[in-house]
Amino acid sequence: TANDLRDKRNVIERSLSRLIGANVKQGQLESNIQIDSNSNTRTGSYTLSVNGFNIVDGNTYHPLKLSKDSNEFGFYSVSYERQDGTLIPMEEKLTKGKVGAILDLRGGTLDTTSGMPTDGVLQKVVTDLDAFAKGLIQGTNNLYAQSATTKMESNILADVGPASSLVNSPLDINPGAFNIIVYDVDGNEVAQRKINIDYATSMSGTAGSNSIEGQIKAIVDDNGDSNANNDIDDFITYNFQTAADGTLRLELGMDPASEAQGYTFAIKDELPDGKFASGSNFAGALGLGRYFDGSNARDIRLNSELQTNPTKIHAGYSSAAGDNRLALDMVQQQFESYKFQVGSETYDTTMYGMFDVTATYVGTETNTAISQNETISAQFNSTELEYNSVSKVNIDEEMTNLIKYQTSYGAAAKVITTVDQMMQTLLGIKQ
């Protein structure tokens with residue numbers, strides 16, 4: 001019947017309202033006084049919409065399409081289909097109901113390049129953790145590059161060209177300088193050269209140029225002893241090219257002859273004000289001589305070589321016995337401030353401070369969600385109670401009405417019986 005269909009439609013409307021925050025608009029109210037003056041029925045037009053988009057409009061409808069085919073991480077996108085088949089993204093429009101809450105948590109906007117959400121509570125936490133992990137990785141690696149070794153290989157450098165500016169590249173390299181230091185087999189410093197980085201400094205170039213390669217290969221008497229065979233350009237090899245696997249990396253190493261004699265080298269940042277964050281971050285940004293592999297919270301891990309053989313972890317700058325300068329730097333790192341970039345926001349704080357920012361945000365959002373849930377639950381329960389008092393059947397009330405009608409019927413029946421008896425008596429007297 002029509003009433004049954006209306007009841008089913010009401011159930012669907014409530015479900016859609018709870019799911020996506022759908023709103024329903026119908027025509028004017030009409031009542032039939034002859035049947036029941038208290039009963040009203042909506043007639044005329046019917047519209048079911050979500051944030052201004054009509055899902056049902058009279059006898060036409062526009063379906064919502066779900067798809068995850070174009071997202072490598074399996075994130076669903078929600079689209080509104082127009083009459084001509086055009087799909088309009090709806091994630092930012094769905095702000096109410098369970099789906100709206102889930103999208104607010106996950107993020108309503110998906111980046112077309114990475115496929116990851118660009119907003120949302122969870123993505124904010126992930127972004128903060130990535131910034132924390134990136135700062136920890138680069139800061140630690142920049143310090144660990146001070147430990148002497150025979151070869152340093154960078155991370156994959158996909159966004160850096162041989163002649164492009166390092167400071168203006170996606171890498172977190174700052175204007176400044178770093179020193180390449182060579183140690184002998186006993187841990188004594190035998191050569192040192194300062195490599196400057198400004199906005200024009202590139203990776204590769206001719207000897208003597210402003211590039212990293214040019215400054216390393218420049219013929220300079222680093223020790224001032226007029227010996228042309230004991231300077232940085234005599235010890236260090238430079239290789240910046242695409243490997244057989246198609247990846248571009250920078251490799252710095254000891255000259256084979258020097259390596260055979262026990263020579264090692266290290267990279268130490270120049271710190272103008274003594275703070276770790278004031279250096280160029282060249283080794284940390286490139287991942288040279290790294291302690292950590294990875295670039296974010298998802299893939300941070302101990303360097304595979306160190307993980308395989310922990311005895312290779314160094315505590316000092318050189319191999320000299322009792323050298324614990326690197327270990328002391330690692331301890332000091334927890335008190336140093338770094339700049340953490342999170343979208344358009346910059347946090348100038350310590351490693352712990354950045355982690356505390358993330359933890360505080362999670363706690364604040366959790367408390368807000370709990371408070372809002374309690375408030376909305378109270379409002380919902382009150383509204384539902386009022387709704388049920390009007391729309392649902394009250395057994396006690398119906399039984400009372402039934403008894404009342406039954407009593408009225410019995411009384412009416414007695415009146416009719418009495419009248420009938422009176423009529424029969426009158427007819428009998430007349431006869």
# chains A, B, ... in the order shown; residues from 1 in each chain; ligands from 1
>>> select_by_dssp(residues="region 43-150 of chain A", states="helix (DSSP H, G or I)", output="ChimeraX atom specification")
/A:97-106,121-144
>>> write_last_selection(atoms="C-alpha atoms", output="PDB file, in the first residue's frame")
ATOM      1  CA  GLY A  97      27.061  11.341   8.740  1.00  0.00           C
ATOM      2  CA  LYS A  98      29.281   8.304   9.170  1.00  0.00           C
ATOM      3  CA  VAL A  99      30.891   8.727   5.746  1.00  0.00           C
ATOM      4  CA  GLY A 100      31.627  12.390   6.476  1.00  0.00           C
ATOM      5  CA  ALA A 101      33.262  11.417   9.773  1.00  0.00           C
ATOM      6  CA  ILE A 102      35.382   8.755   8.061  1.00  0.00           C
ATOM      7  CA  LEU A 103      36.472  11.189   5.341  1.00  0.00           C
ATOM      8  CA  ASP A 104      37.297  13.808   7.982  1.00  0.00           C
ATOM      9  CA  LEU A 105      39.486  11.187   9.631  1.00  0.00           C
ATOM     10  CA  ARG A 106      41.071   9.863   6.428  1.00  0.00           C
ATOM     11  CA  VAL A 121      43.161  14.032  11.023  1.00  0.00           C
ATOM     12  CA  LEU A 122      45.091  10.845  10.293  1.00  0.00           C
ATOM     13  CA  GLN A 123      47.045  12.423   7.443  1.00  0.00           C
ATOM     14  CA  LYS A 124      47.980  15.346   9.710  1.00  0.00           C
ATOM     15  CA  VAL A 125      49.432  12.852  12.194  1.00  0.00           C
ATOM     16  CA  VAL A 126      51.227  10.969   9.401  1.00  0.00           C
ATOM     17  CA  THR A 127      52.646  14.223   8.010  1.00  0.00           C
ATOM     18  CA  ASP A 128      53.852  15.289  11.457  1.00  0.00           C
ATOM     19  CA  LEU A 129      55.468  11.895  12.054  1.00  0.00           C
ATOM     20  CA  ASP A 130      57.102  12.034   8.609  1.00  0.00           C
ATOM     21  CA  ALA A 131      58.539  15.474   9.421  1.00  0.00           C
ATOM     22  CA  PHE A 132      59.832  14.164  12.758  1.00  0.00           C
ATOM     23  CA  ALA A 133      61.352  11.062  11.139  1.00  0.00           C
ATOM     24  CA  LYS A 134      62.894  13.076   8.300  1.00  0.00           C
ATOM     25  CA  GLY A 135      64.499  15.473  10.774  1.00  0.00           C
ATOM     26  CA  LEU A 136      65.798  12.586  12.866  1.00  0.00           C
ATOM     27  CA  ILE A 137      67.189  10.776   9.810  1.00  0.00           C
ATOM     28  CA  GLN A 138      68.927  13.781   8.278  1.00  0.00           C
ATOM     29  CA  GLY A 139      70.167  15.198  11.576  1.00  0.00           C
ATOM     30  CA  THR A 140      71.629  11.863  12.672  1.00  0.00           C
ATOM     31  CA  ASN A 141      73.128  11.088   9.267  1.00  0.00           C
ATOM     32  CA  ASN A 142      74.722  14.525   9.076  1.00  0.00           C
ATOM     33  CA  LEU A 143      76.447  13.813  12.391  1.00  0.00           C
ATOM     34  CA  TYR A 144      77.361  10.233  11.545  1.00  0.00           C
TER      35      TYR A 144
END
>>> select_by_dssp(residues="region 140-357 of chain A", states="strand (DSSP E or B)", output="ChimeraX atom specification")
/A:149,151-153,176-183,189-197,236-242,248-254,264-269,292-293,301-302,337-342,345-350
>>> residues_around(residues="Tyr183 (chain A)", least_positions_apart="3", cutoff="12 Å", atoms="only C-alpha atoms", output="ChimeraX atom specification")
/A:146-150,180,186-192,230-232,235-236,254,258-259,261-267,317-320
>>> residues_around(residues="region 1-14 of chain A", least_positions_apart="6", cutoff="9 Å", atoms="only C-alpha atoms", output="ChimeraX atom specification")
/A:22-24,48
>>> write_last_selection(atoms="C-alpha atoms", output="PDB file, in the first residue's frame")
ATOM      1  CA  ALA A  22      21.141  13.575   3.350  1.00  0.00           C
ATOM      2  CA  ASN A  23      18.348  16.181   3.548  1.00  0.00           C
ATOM      3  CA  VAL A  24      14.799  15.649   2.279  1.00  0.00           C
ATOM      4  CA  LEU A  48      16.821  14.274  -1.499  1.00  0.00           C
TER       5      LEU A  48
END
>>> residues_around(residues="region 200-212 of chain A", least_positions_apart="6", cutoff="6 Å", atoms="only C-alpha atoms", output="list in words")
Pro162, Ala163, Ser164, Ser165, Leu166 and Ala218 of chain A
>>> residues_around(residues="Asn281 (chain A)", least_positions_apart="5", cutoff="10 Å", atoms="only C-alpha atoms", output="list of chain:residue names")
A:Gln138, A:Gly139, A:Asn141, A:Asn142, A:Leu143, A:Leu171, A:Asp172, A:Ile173, A:Asn174, A:Pro175, A:Gly176, A:Ala177, A:Phe178, A:Lys268, A:Asp269, A:Glu270, A:Leu271, A:Phe276, A:Leu286, A:Gly287
>>> residues_around(residues="Pro89 (chain A)", least_positions_apart="3", cutoff="7 Å", atoms="only C-alpha atoms", output="VMD selection string")
chain A and resid 78 to 80
>>> closest_residue(among="A:Ser70, A:Leu110, A:Tyr76, A:Leu326", to="Ile313 (chain A)", atoms="only C-alpha atoms")
A:Leu326
>>> decode(residues="region 390-413 of chain A", atoms="C-alpha atoms", output="CSV table (one decimal), in the first residue's frame")
chain,number,residue,atom,x,y,z
A,390,VAL,CA,5.0,10.5,18.1
A,391,SER,CA,5.6,7.9,15.4
A,392,LYS,CA,5.7,4.6,17.2
A,393,VAL,CA,2.7,2.7,18.6
A,394,ASN,CA,2.1,3.0,22.4
A,395,ILE,CA,0.7,-0.3,23.6
A,396,ASP,CA,-0.7,1.1,26.8
A,397,GLU,CA,-2.4,3.9,25.0
A,398,GLU,CA,-3.8,1.6,22.4
A,399,MET,CA,-5.1,-0.8,25.1
A,400,THR,CA,-6.8,2.1,26.9
A,401,ASN,CA,-8.4,3.2,23.7
A,402,LEU,CA,-9.5,-0.4,23.0
A,403,ILE,CA,-11.1,-0.7,26.4
A,404,LYS,CA,-12.8,2.7,25.9
A,405,TYR,CA,-14.2,1.8,22.5
A,406,GLN,CA,-15.3,-1.6,23.8
A,407,THR,CA,-17.1,0.0,26.7
A,408,SER,CA,-18.7,2.5,24.4
A,409,TYR,CA,-19.8,-0.3,22.1
A,410,GLY,CA,-21.3,-2.2,24.9
A,411,ALA,CA,-23.2,0.9,26.1
A,412,ALA,CA,-24.5,1.6,22.6
A,413,ALA,CA,-25.6,-2.0,22.2
